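J.: Just one file: upload31.cif, with mmCIF, C-alpha atoms and all ligand atoms.
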data_work
#
loop_
_atom_site.label_atom_id
_atom_site.label_comp_id
_atom_site.auth_asym_id
_atom_site.auth_seq_id
_atom_site.Cartn_x
_atom_site.Cartn_y
_atom_site.Cartn_z
CA MET U 1 0.00 0.00 0.00
CA VAL U 2 1.42 3.41 -0.98
CA CYS U 3 2.20 5.38 2.17
CA MET U 4 0.03 8.52 2.41
CA LYS U 5 1.45 9.91 5.68
CA ASN U 6 2.48 13.24 4.17
CA LEU U 7 -0.64 13.59 2.06
CA ARG U 8 -2.80 12.99 5.11
CA GLN U 9 -0.98 15.73 7.04
CA THR U 10 -1.14 18.22 4.16
CA ASP U 11 -4.52 17.54 2.61
CA SER U 12 -6.82 15.25 4.49
CA GLU U 13 -9.71 15.93 2.07
CA ILE U 14 -7.87 14.40 -0.88
CA ALA U 15 -6.38 11.66 1.34
CA ASP U 16 -9.86 10.71 2.54
CA LEU U 17 -11.21 10.51 -1.01
CA ILE U 18 -8.28 8.34 -2.13
CA GLU U 19 -8.89 6.03 0.83
CA LEU U 20 -12.56 5.75 -0.10
CA GLU U 21 -11.69 4.94 -3.71
CA LYS U 22 -9.16 2.34 -2.55
CA GLY U 23 -11.91 0.80 -0.45
CA ARG U 24 -14.30 0.76 -3.41
CA GLN U 25 -11.68 -0.92 -5.60
CA HIS U 26 -11.05 -3.50 -2.88
CA ASP U 27 -14.63 -4.23 -1.83
CA GLY U 28 -16.15 -4.45 -5.32
CA LEU U 29 -15.73 -6.54 -8.44
CA VAL U 30 -14.03 -4.58 -11.21
CA LEU U 31 -15.30 -6.14 -14.44
CA ILE U 32 -14.67 -3.14 -16.71
CA PRO U 33 -12.33 -4.77 -19.26
CA SER U 34 -10.10 -1.70 -19.59
CA GLU U 35 -9.39 -1.47 -15.84
CA ASN U 36 -6.83 -3.36 -13.79
CA TYR U 37 -4.82 -3.16 -10.55
CA VAL U 38 -1.20 -2.07 -10.98
CA SER U 39 1.55 -3.33 -8.68
CA GLN U 40 2.99 -1.28 -5.84
CA ALA U 41 6.23 -1.04 -7.83
CA VAL U 42 4.35 0.58 -10.74
CA LEU U 43 2.66 2.99 -8.30
CA GLU U 44 5.96 3.91 -6.64
CA ALA U 45 7.58 4.84 -9.97
CA LEU U 46 4.47 6.83 -10.88
CA GLY U 47 4.62 8.75 -7.62
CA SER U 48 8.38 9.38 -7.81
CA GLU U 49 10.50 12.54 -8.11
CA LEU U 50 10.60 12.05 -11.88
CA THR U 51 7.38 14.08 -11.91
CA ASN U 52 9.52 17.17 -11.12
CA LYS U 53 11.52 17.05 -14.35
CA TYR U 54 10.88 18.86 -17.62
CA ALA U 55 12.56 17.20 -20.60
CA GLU U 56 10.98 18.31 -23.88
CA GLY U 57 12.65 16.44 -26.72
CA TYR U 58 14.11 12.94 -26.76
CA PRO U 59 17.11 11.28 -25.05
CA GLY U 60 20.28 13.14 -26.06
CA LYS U 61 18.27 15.97 -27.72
CA ARG U 62 16.42 17.90 -25.03
CA TYR U 63 15.49 21.56 -24.67
CA TYR U 64 16.39 21.60 -20.95
CA SER U 65 19.46 20.67 -18.94
CA GLY U 66 19.74 18.07 -16.18
CA ASN U 67 18.79 15.04 -18.25
CA GLU U 68 21.57 12.66 -17.21
CA PHE U 69 19.23 10.24 -15.50
CA VAL U 70 15.92 10.81 -17.25
CA ASP U 71 17.60 10.12 -20.60
CA LYS U 72 18.63 6.75 -19.21
CA VAL U 73 15.09 6.12 -17.97
CA GLU U 74 13.46 6.87 -21.32
CA SER U 75 16.09 4.89 -23.29
CA LEU U 76 15.66 1.90 -20.97
CA VAL U 77 11.88 1.95 -21.37
CA GLN U 78 12.26 2.17 -25.16
CA THR U 79 14.59 -0.86 -25.13
CA ARG U 80 12.16 -2.85 -22.98
CA ALA U 81 9.22 -2.03 -25.26
CA LYS U 82 11.15 -2.90 -28.43
CA THR U 83 12.31 -6.22 -26.96
CA LEU U 84 8.93 -7.21 -25.56
CA PHE U 85 6.89 -6.40 -28.68
CA GLY U 86 9.64 -7.23 -31.23
CA VAL U 87 9.67 -3.85 -32.99
CA PRO U 88 12.58 -1.70 -34.21
CA TYR U 89 11.17 1.70 -33.15
CA VAL U 90 9.02 3.03 -30.33
CA ASN U 91 7.88 6.33 -28.92
CA VAL U 92 6.98 6.05 -25.23
CA GLN U 93 5.89 9.66 -24.70
CA PRO U 94 2.15 9.72 -25.62
CA TYR U 95 0.18 10.85 -22.58
CA SER U 96 -2.55 8.31 -23.34
CA GLY U 97 -4.21 6.38 -26.17
CA SER U 98 -6.10 9.25 -27.80
CA PRO U 99 -3.01 11.50 -28.17
CA ALA U 100 -1.07 8.50 -29.53
CA ASN U 101 -3.73 7.90 -32.19
CA LEU U 102 -3.92 11.61 -33.02
CA ALA U 103 -0.16 11.63 -33.55
CA VAL U 104 -0.54 8.82 -36.09
CA TYR U 105 -3.14 10.79 -38.07
CA SER U 106 -1.19 14.02 -37.97
CA ALA U 107 2.00 12.28 -39.14
CA LEU U 108 0.41 10.39 -42.02
CA LEU U 109 -2.64 12.27 -43.31
CA GLU U 110 -3.26 15.75 -44.69
CA PRO U 111 -6.52 17.31 -43.46
CA GLY U 112 -9.49 15.88 -45.32
CA GLU U 113 -7.78 12.68 -46.44
CA PRO U 114 -9.78 9.45 -46.01
CA PHE U 115 -9.22 6.69 -43.45
CA MET U 116 -11.16 3.64 -42.25
CA GLY U 117 -11.85 2.50 -38.70
CA LEU U 118 -14.35 0.22 -36.98
CA ASP U 119 -17.61 2.05 -36.24
CA LEU U 120 -17.82 3.00 -32.55
CA LEU U 121 -21.27 1.42 -32.42
CA HIS U 122 -19.66 -1.88 -33.44
CA GLY U 123 -16.76 -1.74 -30.98
CA GLY U 124 -14.35 0.80 -32.49
CA HIS U 125 -12.72 3.57 -30.45
CA LEU U 126 -13.75 7.24 -30.48
CA THR U 127 -10.44 8.08 -32.19
CA HIS U 128 -11.05 5.55 -34.96
CA GLY U 129 -13.33 8.11 -36.60
CA TRP U 130 -16.51 8.45 -34.51
CA LYS U 131 -18.57 11.40 -35.71
CA ALA U 132 -18.17 13.35 -32.45
CA SER U 133 -14.39 12.86 -32.37
CA PHE U 134 -11.91 15.45 -33.60
CA THR U 135 -10.53 12.71 -35.88
CA SER U 136 -13.62 12.76 -38.11
CA LYS U 137 -13.77 16.55 -38.13
CA VAL U 138 -10.23 16.94 -39.50
CA TRP U 139 -9.95 13.82 -41.63
CA THR U 140 -12.58 11.91 -43.64
CA SER U 141 -13.85 8.96 -41.64
CA ILE U 142 -15.19 5.90 -43.47
CA PRO U 143 -16.44 3.34 -40.94
CA TYR U 144 -16.50 -0.40 -41.45
CA HIS U 145 -18.65 -2.78 -39.43
CA LEU U 146 -19.07 -6.14 -37.76
CA LYS U 147 -21.54 -8.76 -38.89
CA GLU U 148 -24.33 -9.74 -36.51
CA ASP U 149 -22.24 -12.70 -35.31
CA GLY U 150 -19.55 -10.28 -34.08
CA SER U 151 -16.96 -10.99 -36.80
CA THR U 152 -15.52 -8.25 -39.04
CA ASP U 153 -17.38 -7.74 -42.31
CA PHE U 154 -14.29 -8.04 -44.51
CA GLU U 155 -16.37 -8.15 -47.69
CA GLU U 156 -17.91 -4.76 -46.93
CA MET U 157 -14.55 -3.43 -45.87
CA HIS U 158 -12.80 -4.63 -49.02
CA ARG U 159 -15.48 -3.14 -51.25
CA ILE U 160 -15.36 0.26 -49.52
CA ALA U 161 -11.55 0.30 -49.40
CA LEU U 162 -11.31 -0.33 -53.17
CA GLU U 163 -13.79 2.45 -53.84
CA LYS U 164 -12.60 5.12 -51.37
CA LYS U 165 -8.86 4.38 -51.30
CA PRO U 166 -8.24 5.19 -47.60
CA LYS U 167 -4.74 6.32 -46.75
CA LEU U 168 -4.91 4.73 -43.31
CA ILE U 169 -6.82 1.75 -41.87
CA TRP U 170 -7.24 1.02 -38.17
CA CYS U 171 -7.70 -2.49 -36.83
CA GLY U 172 -8.59 -3.30 -33.23
CA GLY U 173 -11.19 -1.74 -30.96
CA THR U 174 -12.64 -1.43 -27.50
CA ALA U 175 -15.43 -4.01 -27.42
CA LEU U 176 -14.16 -6.91 -29.52
CA PRO U 177 -14.45 -10.33 -27.91
CA ARG U 178 -12.83 -12.19 -30.80
CA THR U 179 -9.30 -12.46 -32.18
CA VAL U 180 -8.33 -9.57 -34.47
CA GLU U 181 -7.48 -11.15 -37.83
CA PHE U 182 -4.52 -8.93 -38.63
CA GLU U 183 -3.55 -10.80 -41.81
CA LYS U 184 -6.99 -10.19 -43.36
CA PHE U 185 -6.72 -6.46 -42.64
CA ALA U 186 -3.20 -6.48 -44.07
CA ALA U 187 -4.37 -8.06 -47.33
CA ILE U 188 -6.87 -5.21 -47.84
CA ALA U 189 -4.53 -2.42 -46.68
CA ASP U 190 -1.70 -3.67 -48.89
CA GLU U 191 -4.01 -3.96 -51.90
CA VAL U 192 -5.07 -0.32 -51.63
CA GLY U 193 -1.68 0.98 -50.45
CA ALA U 194 -2.95 2.17 -47.05
CA TYR U 195 -0.99 2.36 -43.83
CA LEU U 196 -2.32 -0.34 -41.49
CA VAL U 197 -2.31 0.58 -37.81
CA ALA U 198 -3.23 -1.87 -35.04
CA ASP U 199 -4.65 -0.27 -31.90
CA ILE U 200 -3.98 -3.05 -29.40
CA SER U 201 -4.82 -1.03 -26.29
CA HIS U 202 -7.13 -3.72 -24.95
CA ILE U 203 -5.08 -6.79 -25.81
CA ALA U 204 -1.45 -5.61 -25.42
CA GLY U 205 -0.90 -7.77 -22.32
CA LEU U 206 -2.32 -10.80 -24.12
CA VAL U 207 -0.12 -10.12 -27.16
CA VAL U 208 3.14 -10.00 -25.18
CA ALA U 209 2.15 -13.17 -23.32
CA GLY U 210 1.31 -15.04 -26.54
CA GLU U 211 -2.41 -15.26 -25.71
CA HIS U 212 -3.36 -13.22 -28.79
CA PRO U 213 -1.51 -13.19 -32.15
CA SER U 214 0.86 -10.27 -32.54
CA PRO U 215 0.03 -7.64 -35.17
CA VAL U 216 3.73 -6.86 -35.68
CA PRO U 217 4.33 -8.97 -38.83
CA TYR U 218 1.25 -7.53 -40.57
CA VAL U 219 0.93 -3.83 -39.76
CA HIS U 220 3.03 -0.70 -40.23
CA LEU U 221 2.32 0.81 -36.83
CA VAL U 222 1.02 -0.33 -33.47
CA THR U 223 -0.51 1.98 -30.88
CA THR U 224 -1.38 0.87 -27.38
CA THR U 225 -2.33 2.21 -24.02
CA THR U 226 -0.36 0.70 -21.18
CA HIS U 227 -3.03 0.40 -18.51
CA LYS U 228 -5.40 -2.35 -19.57
CA THR U 229 -4.29 -5.98 -19.89
CA LEU U 230 -0.67 -4.72 -19.87
CA ARG U 231 -1.29 -3.65 -16.24
CA GLY U 232 0.75 -0.45 -16.22
CA PRO U 233 -0.03 3.22 -15.49
CA ARG U 234 -2.18 5.38 -17.74
CA ALA U 235 0.04 6.16 -20.72
CA ALA U 236 0.58 4.95 -24.29
CA MET U 237 3.16 3.99 -26.89
CA ILE U 238 3.49 4.15 -30.67
CA MET U 239 5.52 1.37 -32.25
CA VAL U 240 6.86 1.16 -35.81
CA THR U 241 7.34 -2.31 -37.29
CA GLU U 242 9.92 -3.57 -39.82
CA LYS U 243 7.06 -3.62 -42.35
CA GLY U 244 6.40 0.04 -41.48
CA LEU U 245 10.04 1.02 -41.98
CA ALA U 246 10.09 -0.87 -45.28
CA LYS U 247 7.11 1.22 -46.46
CA ASP U 248 8.56 4.48 -45.14
CA ALA U 249 12.06 4.57 -43.64
CA GLU U 250 11.22 7.86 -41.86
CA LEU U 251 8.13 6.55 -40.09
CA GLY U 252 9.83 6.62 -36.67
CA GLU U 253 11.02 10.21 -37.04
CA LYS U 254 7.59 11.21 -38.31
CA MET U 255 5.95 9.75 -35.19
CA ASP U 256 8.48 11.48 -32.92
CA LYS U 257 7.85 14.85 -34.59
CA ALA U 258 4.09 14.34 -34.41
CA ILE U 259 4.33 13.85 -30.63
CA ILE U 260 6.71 16.77 -30.01
CA PRO U 261 6.65 19.50 -31.29
CA GLY U 262 3.39 18.44 -33.00
CA LEU U 263 0.99 17.60 -30.21
CA GLN U 264 2.58 17.40 -26.79
CA GLY U 265 5.02 19.29 -24.59
CA GLY U 266 7.22 17.76 -21.91
CA PRO U 267 7.00 13.99 -21.48
CA HIS U 268 5.63 12.68 -18.17
CA LEU U 269 8.79 10.91 -17.10
CA ASN U 270 7.24 9.47 -13.96
CA ALA U 271 4.60 7.77 -16.13
CA ILE U 272 7.28 6.62 -18.60
CA ALA U 273 9.35 5.07 -15.79
CA SER U 274 6.22 3.43 -14.46
CA VAL U 275 5.49 1.99 -17.93
CA GLY U 276 9.04 0.61 -17.83
CA VAL U 277 8.26 -1.19 -14.58
CA ALA U 278 5.08 -2.63 -16.09
CA LEU U 279 7.03 -3.82 -19.16
CA HIS U 280 9.60 -5.45 -16.87
CA GLU U 281 6.78 -7.22 -15.02
CA ALA U 282 5.15 -8.27 -18.30
CA ALA U 283 8.43 -9.89 -19.39
CA GLN U 284 8.40 -12.27 -16.39
CA PRO U 285 7.11 -15.88 -16.66
CA GLU U 286 4.37 -15.13 -14.08
CA PHE U 287 2.83 -12.64 -16.49
CA LYS U 288 2.31 -15.38 -19.08
CA THR U 289 0.40 -17.34 -16.44
CA TYR U 290 -1.58 -14.23 -15.57
CA ALA U 291 -2.56 -13.59 -19.21
CA LYS U 292 -3.55 -17.23 -19.72
CA ASN U 293 -5.70 -17.07 -16.60
CA VAL U 294 -7.35 -13.85 -17.87
CA VAL U 295 -8.44 -15.65 -21.05
CA ASP U 296 -9.41 -18.89 -19.27
CA ASN U 297 -11.49 -16.89 -16.80
CA ALA U 298 -13.20 -14.96 -19.59
CA LYS U 299 -14.11 -18.21 -21.36
CA SER U 300 -15.47 -19.74 -18.12
CA PHE U 301 -17.35 -16.53 -17.38
CA ALA U 302 -18.90 -16.46 -20.88
CA GLU U 303 -19.99 -20.09 -20.50
CA ALA U 304 -21.46 -19.47 -17.06
CA LEU U 305 -23.38 -16.42 -18.33
CA THR U 306 -24.65 -18.38 -21.34
CA SER U 307 -25.84 -21.19 -19.09
CA LYS U 308 -27.83 -18.57 -17.13
CA GLY U 309 -29.64 -17.63 -20.35
CA PHE U 310 -27.65 -14.53 -21.35
CA LYS U 311 -26.90 -13.97 -25.04
CA VAL U 312 -23.14 -13.51 -25.42
CA VAL U 313 -22.17 -11.64 -28.61
CA SER U 314 -20.36 -14.01 -31.01
CA GLY U 315 -21.22 -16.91 -28.68
CA GLY U 316 -18.17 -16.49 -26.45
CA THR U 317 -14.76 -14.86 -26.30
CA ASP U 318 -11.16 -15.39 -27.39
CA ASN U 319 -9.72 -12.74 -25.08
CA HIS U 320 -10.40 -10.87 -21.84
CA LEU U 321 -13.73 -9.36 -22.84
CA ILE U 322 -17.36 -10.43 -23.00
CA LEU U 323 -20.23 -8.52 -24.53
CA LEU U 324 -23.75 -9.36 -23.40
CA ASP U 325 -26.56 -8.61 -25.84
CA LEU U 326 -29.60 -7.79 -23.69
CA SER U 327 -31.77 -6.57 -26.57
CA SER U 328 -34.14 -9.57 -26.48
CA THR U 329 -35.40 -8.25 -23.10
CA GLY U 330 -35.98 -4.70 -24.38
CA LEU U 331 -34.08 -1.76 -25.82
CA GLY U 332 -31.48 0.12 -23.78
CA ARG U 333 -31.31 -2.57 -21.11
CA GLY U 334 -27.54 -2.11 -20.73
CA VAL U 335 -28.22 1.09 -18.81
CA PHE U 336 -30.37 -0.65 -16.20
CA LEU U 337 -28.05 -3.61 -15.67
CA HIS U 338 -24.98 -1.34 -15.45
CA GLN U 339 -26.66 0.76 -12.73
CA ALA U 340 -28.19 -2.13 -10.82
CA LEU U 341 -24.89 -4.03 -10.75
CA GLU U 342 -23.12 -0.93 -9.45
CA ALA U 343 -25.57 -0.87 -6.54
CA ALA U 344 -24.45 -4.44 -5.81
CA GLY U 345 -20.73 -3.55 -5.92
CA ILE U 346 -20.19 -5.04 -9.39
CA TYR U 347 -18.67 -2.66 -11.93
CA ALA U 348 -19.25 -3.23 -15.66
CA ASN U 349 -20.24 -0.85 -18.43
CA LYS U 350 -23.21 -0.36 -20.72
CA ASN U 351 -22.21 -0.82 -24.36
CA MET U 352 -23.66 -0.93 -27.84
CA VAL U 353 -23.93 -4.36 -29.46
CA PRO U 354 -23.68 -5.12 -33.20
CA GLY U 355 -27.06 -4.35 -34.80
CA ASP U 356 -28.21 -2.40 -31.71
CA LYS U 357 -31.50 -0.61 -32.44
CA SER U 358 -31.00 1.69 -29.45
CA SER U 359 -28.69 4.72 -29.11
CA ALA U 360 -25.20 5.16 -27.66
CA PHE U 361 -26.78 6.85 -24.59
CA TYR U 362 -29.08 3.90 -23.96
CA PRO U 363 -27.25 0.90 -25.38
CA SER U 364 -28.61 -2.63 -25.26
CA GLY U 365 -25.45 -4.39 -24.16
CA LEU U 366 -23.12 -4.80 -21.21
CA ARG U 367 -19.33 -5.08 -21.52
CA LEU U 368 -17.50 -7.26 -19.00
CA GLY U 369 -13.86 -8.28 -18.61
CA THR U 370 -11.58 -10.38 -16.44
CA PRO U 371 -8.19 -8.54 -16.22
CA ALA U 372 -8.78 -7.01 -12.77
CA VAL U 373 -10.45 -9.96 -11.04
CA THR U 374 -7.69 -12.24 -12.41
CA THR U 375 -5.03 -9.95 -10.94
CA ARG U 376 -6.73 -10.59 -7.58
CA GLY U 377 -6.27 -14.32 -8.12
CA MET U 378 -9.88 -15.24 -8.85
CA GLY U 379 -10.56 -18.30 -11.02
CA GLU U 380 -13.35 -20.42 -12.49
CA PRO U 381 -15.40 -20.94 -9.29
CA GLU U 382 -15.47 -17.18 -8.73
CA MET U 383 -16.51 -16.57 -12.37
CA MET U 384 -19.49 -18.87 -11.81
CA GLN U 385 -20.39 -17.08 -8.60
CA ILE U 386 -20.17 -13.67 -10.29
CA ALA U 387 -22.32 -14.89 -13.23
CA ASP U 388 -24.92 -15.96 -10.67
CA TRP U 389 -24.98 -12.51 -9.04
CA ILE U 390 -25.34 -10.87 -12.46
CA PHE U 391 -28.22 -13.22 -13.23
CA ARG U 392 -29.96 -12.46 -9.92
CA VAL U 393 -29.62 -8.71 -10.45
CA SER U 394 -30.83 -9.02 -14.02
CA GLU U 395 -33.92 -10.98 -12.90
CA LYS U 396 -34.66 -8.37 -10.24
CA ILE U 397 -34.84 -5.60 -12.86
CA LYS U 398 -36.46 -7.60 -15.63
CA ASP U 399 -39.55 -5.39 -15.74
CA ALA U 400 -37.62 -2.14 -16.23
CA GLN U 401 -38.25 -0.94 -19.78
CA LEU U 402 -36.96 2.25 -21.37
CA PRO U 403 -39.85 4.59 -22.28
CA THR U 404 -39.98 5.40 -25.99
CA GLU U 405 -40.49 9.16 -25.45
CA LYS U 406 -37.21 10.93 -24.78
CA GLU U 407 -38.69 13.22 -22.08
CA ALA U 408 -40.05 10.26 -20.13
CA ARG U 409 -36.67 8.50 -20.10
CA LEU U 410 -34.86 10.76 -17.63
CA ALA U 411 -37.75 10.66 -15.16
CA PHE U 412 -37.93 6.87 -15.45
CA LEU U 413 -34.18 6.50 -14.92
CA LYS U 414 -34.37 8.72 -11.83
CA GLU U 415 -37.10 6.51 -10.41
CA PHE U 416 -35.11 3.42 -11.33
CA LYS U 417 -32.00 4.75 -9.59
CA ALA U 418 -34.02 5.43 -6.45
CA SER U 419 -35.19 1.79 -6.47
CA LEU U 420 -31.57 0.63 -6.20
CA SER U 421 -31.39 1.45 -2.48
CA ASP U 422 -33.43 -1.75 -1.95
CA LYS U 423 -31.99 -4.26 0.57
CA PHE U 424 -31.71 -6.80 -2.27
CA TYR U 425 -28.71 -4.88 -3.63
CA THR U 426 -27.06 -4.18 -0.29
CA ASP U 427 -27.31 -7.89 0.53
CA ILE U 428 -25.55 -8.85 -2.71
CA LYS U 429 -22.99 -6.09 -2.11
CA ALA U 430 -22.18 -7.71 1.25
CA GLU U 431 -21.75 -11.10 -0.44
CA VAL U 432 -19.51 -9.47 -3.06
CA LYS U 433 -17.40 -7.89 -0.33
CA ALA U 434 -17.02 -11.23 1.44
CA LEU U 435 -15.66 -12.73 -1.79
CA CYS U 436 -13.36 -9.74 -2.36
CA ASP U 437 -11.98 -10.05 1.20
CA ARG U 438 -10.79 -13.54 0.23
CA PHE U 439 -8.88 -12.09 -2.75
CA PRO U 440 -7.26 -8.90 -1.43
CA VAL U 441 -5.79 -6.35 -3.80
CA GLU U 442 -2.06 -6.68 -3.04
N1 LIG O 501 -12.25 3.98 -22.66
C1 LIG O 501 -11.44 2.82 -23.04
C2 LIG O 501 -12.19 1.57 -22.85
O1 LIG O 501 -12.81 1.45 -21.82
O2 LIG O 501 -12.14 0.67 -23.68
C3 LIG O 501 -10.91 2.97 -24.40
O3 LIG O 501 -10.26 4.18 -24.50
#
For the structure just supplied, provide its representation as structure tokens.
Ligand code: DSN
T.:
Amino acid sequence: MVCMKNLRQTDSEIADLIELEKGRQHDGLVLIPSENYVSQAVLEALGSELTNKYAEGYPGKRYYSGNEFVDKVESLVQTRAKTLFGVPYVNVQPYSGSPANLAVYSALLEPGEPFMGLDLLHGGHLTHGWKASFTSKVWTSIPYHLKEDGSTDFEEMHRIALEKKPKLIWCGGTALPRTVEFEKFAAIADEVGAYLVADISHIAGLVVAGEHPSPVPYVHLVTTTTHKTLRGPRAAMIMVTEKGLAKDAELGEKMDKAIIPGLQGGPHLNAIASVGVALHEAAQPEFKTYAKNVVDNAKSFAEALTSKGFKVVSGGTDNHLILLDLSSTGLGRGVFLHQALEAAGIYANKNMVPGDKSSAFYPSGLRLGTPAVTTRGMGEPEMMQIADWIFRVSEKIKDAQLPTEKEARLAFLKEFKASLSDKFYTDIKAEVKALCDRFPVE
């Protein structure tokens, strides 16, 4: 546990809130697939004196003095990333995933040029061209889609790519339970001469552990956040592959320039060092076991949920993530289950499902994941127990239906929220806490 003695003396208000959040993370089940628990070593590097240092530029080429040690930190983290992912070039300075993806666009595309990404409503990320994202305002977004069974519609994608000639194609997403078929994306990208970029933010930890195929042989660039299955702090990296350098020998320099001076100022060296610690941890044999357990747990969890009558998108999962399609019980049901589970100390998130007839505000699905509960050491019996709680909560709210009139929806949701103070939820929350006490967050 990070010592907060000084914080408590200086600012008890913030210290109290951090303690409460720590308690929530300990006493509840974190099933949001993009969340995890980092190690104390990762936290210590993140909270270190490196936060005091300004170092705009790159190792050996900074705009400030006093870089003797931070240059070594950044170079070491670069080496670790290159070794772990098997790439010749990496930039470890992006503050998070969205700035990393923006850097890719700004390095490769002129304003207005076309690109393709998976539709947000089908599991793509905001920065893959969603209409409300800056990316689709500056560049021309052409979405591709999943089929109803949850697999990528490569026929549609191929047809659109031939017609529109995108300069850049994204593969990967935020709600994809199945293996990303990098070689199929590569065939299309290569045919139309597009840069292919894999956003592996969700699966990076599985990739380094060999639990998901690596995109490196197929794509020109890889972007990833470092805080999901990779179990590091909130940051990101941009990697250039050999294939990328063969297409454009200056791709690395272009990415560096896009980050600084293009988009960012001084790198957050405390976060970079902390990423280095996470990469070191991910290179250990125990991490392979962890990643395997994440996937095994997700498969057991998907089976347990299916046996309770839930419809699991694509019929299961190949990775850490499960998407429940609740639309057969009514539109927008993801909202109700998300809120009701929260009242029971179970954290998941409402999500659109392929073919969803509802809106992004009131989606019909629920996204679940196993990275955090697996870090706590939970296994198959616990997945079955959690599936049972989700089933009980779902049964309790089965009559809640989203009104069709927009005005009536907010009032209904307010009433619904008020109903969640019922003892039914506090009883389950106590059962959840008892399970969590058996699997403490280290
Ligand atoms: N918001 C992240 C997720 O939950 O998947 C992606 O950026």
J.: Go through U:Pro215, U:Gly60, U:Pro99, U:Gly86 and flag the residue nearest ligand LIG 501 (chain O), using only C-alpha atoms and all ligand atoms for the distances.
T.: U:Pro99
J.: With all atoms listed in the file as the atoms that count, which of U:Asp256, U:Glu35, U:Glu49, U:Glu303 lies nearest to ligand LIG 501 (chain O)?
T.: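 For ligand LIG 501 (chain O), the nearest of the given residues is U:Glu35.
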J.: Please identify all protein, DNA and RNA residues within 8 Å of ligand LIG 501 (chain O), counting all atoms listed in the file, and report them as number ranges by chain.
T.: U: 32-35, 97-98, 125-126, 173-175, 201-202
J.: Could you check which of U:Asn270, U:Ser364, U:Thr404, U:Thr229 is closest to Tyr37 of chain U, using all atoms listed in the file?
T.: U:Thr229
J.: Do you know which residues are at most 7 Å from segment 272-277 of chain U counting all atoms listed in the file, after dropping those on the same chain fewer than 2 positions away, and could you put them as a ChimeraX atom specification?
T.: /U:42,45-46,73-74,77,80,92-93,226,232-233,268-270,279-281
J.: How would the residues just chosen look if you wrote them out with C-alpha atoms as a PDB file, in the coordinates of the input?
T.:
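again-v1.pdb, written as the output of this step:
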ATOM      1  CA  VAL U  42       4.350   0.580 -10.740  1.00  0.00           C
ATOM      2  CA  ALA U  45       7.580   4.840  -9.970  1.00  0.00           C
ATOM      3  CA  LEU U  46       4.470   6.830 -10.880  1.00  0.00           C
ATOM      4  CA  VAL U  73      15.090   6.120 -17.970  1.00  0.00           C
ATOM      5  CA  GLU U  74      13.460   6.870 -21.320  1.00  0.00           C
ATOM      6  CA  VAL U  77      11.880   1.950 -21.370  1.00  0.00           C
ATOM      7  CA  ARG U  80      12.160  -2.850 -22.980  1.00  0.00           C
ATOM      8  CA  VAL U  92       6.980   6.050 -25.230  1.00  0.00           C
ATOM      9  CA  GLN U  93       5.890   9.660 -24.700  1.00  0.00           C
ATOM     10  CA  THR U 226      -0.360   0.700 -21.180  1.00  0.00           C
ATOM     11  CA  GLY U 232       0.750  -0.450 -16.220  1.00  0.00           C
ATOM     12  CA  PRO U 233      -0.030   3.220 -15.490  1.00  0.00           C
ATOM     13  CA  HIS U 268       5.630  12.680 -18.170  1.00  0.00           C
ATOM     14  CA  LEU U 269       8.790  10.910 -17.100  1.00  0.00           C
ATOM     15  CA  ASN U 270       7.240   9.470 -13.960  1.00  0.00           C
ATOM     16  CA  LEU U 279       7.030  -3.820 -19.160  1.00  0.00           C
ATOM     17  CA  HIS U 280       9.600  -5.450 -16.870  1.00  0.00           C
ATOM     18  CA  GLU U 281       6.780  -7.220 -15.020  1.00  0.00           C
TER      19      GLU U 281
END
J.: Would you compute the distance between atom CA of Gly262 of chain U and atom CA of Pro59 of chain U? Give it in Å to one decimal.
T.: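 These two atoms are separated by 17.4 Å.
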J.: Can you pull out the residues contacting segment 327-339 of chain U? Cut-off 6 Å, using all atoms listed in the file, and skip same-chain residues under 5 positions away; I want them as a PyMOL selection string.
T.: chain U and resi 349-350+358+362-366
J.: So that I can check the surroundings of Glu211 of chain U, please list as a list in words every protein, DNA and RNA residue that reaches within 7 Å of it, counting only C-alpha atoms and ignoring chain neighbours fewer than 3 positions away.
T.: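 Here the qualifying residues turn out to be Leu206, Val207, Ala291 and Lys292 of chain U.
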J.: I'd like the interatomic distance between atom CA of Asp318 of chain U and atom CA of Ser39 of chain U, to a tenth of an Å.
T.: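 Value for the atom CA of Asp318 of chain U-atom CA of Ser39 of chain U distance: 25.6 Å.
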